[in-house]
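Below is one structure, written out as structure tokens; comments come after it.
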Amino acid sequence: MNWPKSLINKIKTKVNLAAYTSFKIGGAAEFFFEPKNIQELKKILVLAKKKKLPVFILGSGSNILVSDSGVKGLVVKINEECFKSVYSKGVFLTAPSGLKLSKLILFAKKKGLSGLEFLAGIPGTVGGSLVGNAGAWGSSIGDLVEDICVLDYNGKKKLFCGNQLKFSYRKSNLNKYIILWVKLRLKSKSRDSIASKINNYLLLRRASQSNIFPNAGCIFKNPAGKIPAGELIDLCQLKGRRKAKAMISKAHANFILNLGNAKSSDVIFLMNLIRKKVKAKFKVNLEPEIKLWR
Ligand SMILES: Cc1cc2nc3c(=O)[nH]c(=O)nc-3n(C[C@H](O)[C@H](O)[C@H](O)COP(=O)(O)OP(=O)(O)OC[C@H]3O[C@@H](n4cnc5c(N)ncnc54)[C@H](O)[C@@H]3O)c2cc1C
């Protein structure tokens with residue numbers, strides 16, 4: 001493929017994506033690019049469009065399962081502080097999409113800004129969390145959003161605010177855009193009370209999840225108004241079920257663990273088994289929370 005001189009040394013080929021995901025599973029990206037700024041991102045999007053290359057946006061890879069044969073197209077990795085530095089003004093905090101949630105939470109704590117503590121322990125970036133409206137313990141990041149700056153796939157910038165933004169359970173109306181940065185509305189609180197909330201959430205998480213093996217968090221969304229997905233899977237006696245090196249976690253049935261060199265096809269086998277058993281026993285169709293890249 002012919003790339004312009006200004007980008008040719010920056011576009012990598014056949015990059016192993018397993019290394020970029022928390023699952024540590026999957027094949028290579030045909031093309032891989034890490035933009036340094038908005039200009040580079042715009043340029044690559046316009047080129048990809050011209051060359052009819054599918055584009056995959058990668059945050060910290062903690063909510064995706066990459067196919068064993070990898071992805072045909074261009075993976076764009078959004079790095080920390082690619083588009084803006086994190087800063088606060090009053091109760092508003094503005095953060096770039098590539099910032100890790102752990103760093104976002106620490107920054108907010110330092111500034112005495114409360115509201116993000118429930119996200120403690122979620123290993124994603126700001127961008128990935130907004131697209132999937134990440135949440136825990138009854139709260140979601142979408143509840144805190146004031147406005148969001150995005151690029152569309154033609155490289156055009158847009159600002160979304162108020163009722164232009166739609167968030168629901170693990171869902172947003174942002175999946176046709178690339179998130180650049182977000183402005184969040186938080187509350188002033190003492191650093192001590194923020195720190196203690198963070199610690200409590202981390203303890204709760206440790207008690208319910210055992211993450212000694214690579215995984216991608218919850219595989220399925222919780223069905224609306226019904227028993228949580230993990231409980232349904234547990235009631236089908238599927239905890240500990242294995243396919244080669246992939247295993248349904250014994251600690252949290254909605255997690256699938258990579259015990260070492262698991263294949264994407266092994267995980268998909270277990271996902272299909274779970275869906276079949278849960279459907280047969282409870283007449284519930286489980287919907288994947290993780291995104292499948294192929
Ligand atoms: C141990 C563990 C625990 C977890 N616990 C939780 C939890 O409690 N609650 C929860 O909600 N999730 C949880 N997750 C899942 C995951 O961490 C979150 O969904 C996280 O927000 C994903 O962010 P990411 O940067 O890793 O996204 P990625 O996995 O890189 O990408 C996920 C999706 O977002 C898109 N995306 C990423 N960045 C951008 C961007 N800048 N612009 C546009 N699209 C983008 C990608 O294209 C992809 O479709 C957990 C995962 C693990 C491994």
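Chain labels follow the order of the structure tokens: the first chain is A, the next B, and so on; residue numbering restarts at 1 in every chain, and ligands are counted from 1 in their shown order.
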Could you name the residues that touch Ser69 (chain A) at 12 Å or less, counting only C-alpha atoms, but leaving out those on the same chain fewer than 3 positions away, as an MDAnalysis selection string?
chainID A and resid 14:18 25:30 65:66 72 263:265 293:294
Write the residues you've just listed into a file as a PDB file, in the first residue's frame, and include C-alpha atoms for each of them.
```pdb
ATOM      1  CA  LYS A  14       1.452  -6.876  11.060  1.00  0.00           C
ATOM      2  CA  VAL A  15       1.407  -5.691  14.661  1.00  0.00           C
ATOM      3  CA  ASN A  16       0.506  -8.375  17.195  1.00  0.00           C
ATOM      4  CA  LEU A  17      -2.689  -7.111  18.849  1.00  0.00           C
ATOM      5  CA  ALA A  18      -2.672  -9.635  21.706  1.00  0.00           C
ATOM      6  CA  ILE A  25      -5.467 -13.021  22.720  1.00  0.00           C
ATOM      7  CA  GLY A  26      -5.663 -12.447  18.975  1.00  0.00           C
ATOM      8  CA  GLY A  27      -3.775 -12.041  15.728  1.00  0.00           C
ATOM      9  CA  ALA A  28      -2.153  -9.085  14.021  1.00  0.00           C
ATOM     10  CA  ALA A  29      -3.379  -5.761  12.712  1.00  0.00           C
ATOM     11  CA  GLU A  30      -2.773  -5.296   8.999  1.00  0.00           C
ATOM     12  CA  LEU A  65     -11.618  -9.873  21.836  1.00  0.00           C
ATOM     13  CA  VAL A  66      -9.445  -9.892  18.712  1.00  0.00           C
ATOM     14  CA  LYS A  72      -7.834  -6.464   8.083  1.00  0.00           C
ATOM     15  CA  LYS A 263      -7.361 -18.721  21.252  1.00  0.00           C
ATOM     16  CA  SER A 264     -10.131 -16.321  20.368  1.00  0.00           C
ATOM     17  CA  SER A 265     -12.004 -19.359  19.001  1.00  0.00           C
ATOM     18  CA  TRP A 293     -12.771  -7.524  16.404  1.00  0.00           C
ATOM     19  CA  ARG A 294     -12.388  -9.496  13.193  1.00  0.00           C
TER      20      ARG A 294
END
```
Counting only C-alpha atoms, what is within 9 Å of Ala244 (chain A), bar same-chain residues fewer than 4 positions away, as a list in words?
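So the residues in contact are Leu259, Ala262, Lys263 and Asp266 of chain A.
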Rounded to one decimal in Å, what is the spacing between CA of Gly162 (chain A) and CA of Leu113 (chain A)?
21.3 Å
For chain A against ligand 1, with a cut-off of 7 Å and counting only C-alpha atoms and all ligand atoms, what is the closest atom pair and its distance in Å to one decimal for every residue that makes the cut, ordered by chain and number, as a tab-separated table?
```
residue	atom	partner	partner_atom_place_in_ligand_line	distance
A:Ser22	CA	ligand 1	53 (C)	5.6
A:Phe56	CA	ligand 1	47 (O)	5.6
A:Ile57	CA	ligand 1	47 (O)	4.0
A:Leu58	CA	ligand 1	30 (O)	4.2
A:Gly59	CA	ligand 1	30 (O)	3.3
A:Ser60	CA	ligand 1	26 (O)	3.8
A:Gly61	CA	ligand 1	30 (O)	3.4
A:Ser62	CA	ligand 1	26 (O)	3.6
A:Asn63	CA	ligand 1	29 (O)	3.5
A:Ile64	CA	ligand 1	29 (O)	4.7
A:Ile78	CA	ligand 1	41 (N)	6.0
A:Ser97	CA	ligand 1	41 (N)	4.9
A:Gly98	CA	ligand 1	41 (N)	6.2
A:Gly121	CA	ligand 1	3 (C)	6.8
A:Ile122	CA	ligand 1	5 (N)	4.6
A:Pro123	CA	ligand 1	17 (O)	4.5
A:Gly124	CA	ligand 1	23 (O)	3.4
A:Thr125	CA	ligand 1	25 (O)	3.7
A:Val126	CA	ligand 1	25 (O)	6.4
A:Gly127	CA	ligand 1	41 (N)	3.8
A:Gly128	CA	ligand 1	37 (C)	3.5
A:Ser129	CA	ligand 1	21 (O)	3.1
A:Leu130	CA	ligand 1	21 (O)	6.8
A:Val131	CA	ligand 1	34 (O)	5.4
A:Gly132	CA	ligand 1	19 (O)	5.9
A:Asn133	CA	ligand 1	11 (O)	6.5
A:Ala134	CA	ligand 1	11 (O)	3.1
A:Gly135	CA	ligand 1	11 (O)	4.2
A:Ala136	CA	ligand 1	8 (O)	4.8
A:Arg170	CA	ligand 1	11 (O)	6.4
A:Asn175	CA	ligand 1	44 (N)	6.1
A:Tyr177	CA	ligand 1	43 (C)	5.6
A:Ile178	CA	ligand 1	42 (N)	3.6
A:Ile179	CA	ligand 1	42 (N)	3.8
A:Leu180	CA	ligand 1	41 (N)	6.0
A:Asn211	CA	ligand 1	1 (C)	6.1
A:Asn215	CA	ligand 1	53 (C)	5.2
A:Ala216	CA	ligand 1	53 (C)	3.8
A:Gly217	CA	ligand 1	52 (C)	3.5
A:Cys218	CA	ligand 1	50 (C)	6.3
A:Lys291	CA	ligand 1	49 (O)	5.8
```
Region 147-156 of chain A environment, 12 Å, only C-alpha atoms, sequence neighbours closer than 4 positions dropped, as a count of residues only:
55
Looking only at helix (DSSP H, G or I) from DSSP on the backbone, list the matching residues of region 79-274 of chain A as a PyMOL selection string.
chain A and resi 101-110+117-119+126-131+141-144+162-164+191-208+229-235+264-274
Contact residues around Phe107 (chain A) with only C-alpha atoms at 12 Å, ignoring same-chain residues under 5 positions, as a list in words:
Ser85, Val86, Tyr87, Ser88, Leu93, Thr94, Ala95, Leu99, Lys100, Leu101, Ser102, Gly112, Leu113, Ser114, Leu116, Glu117, Arg191, Ile194 and Ala195 of chain A
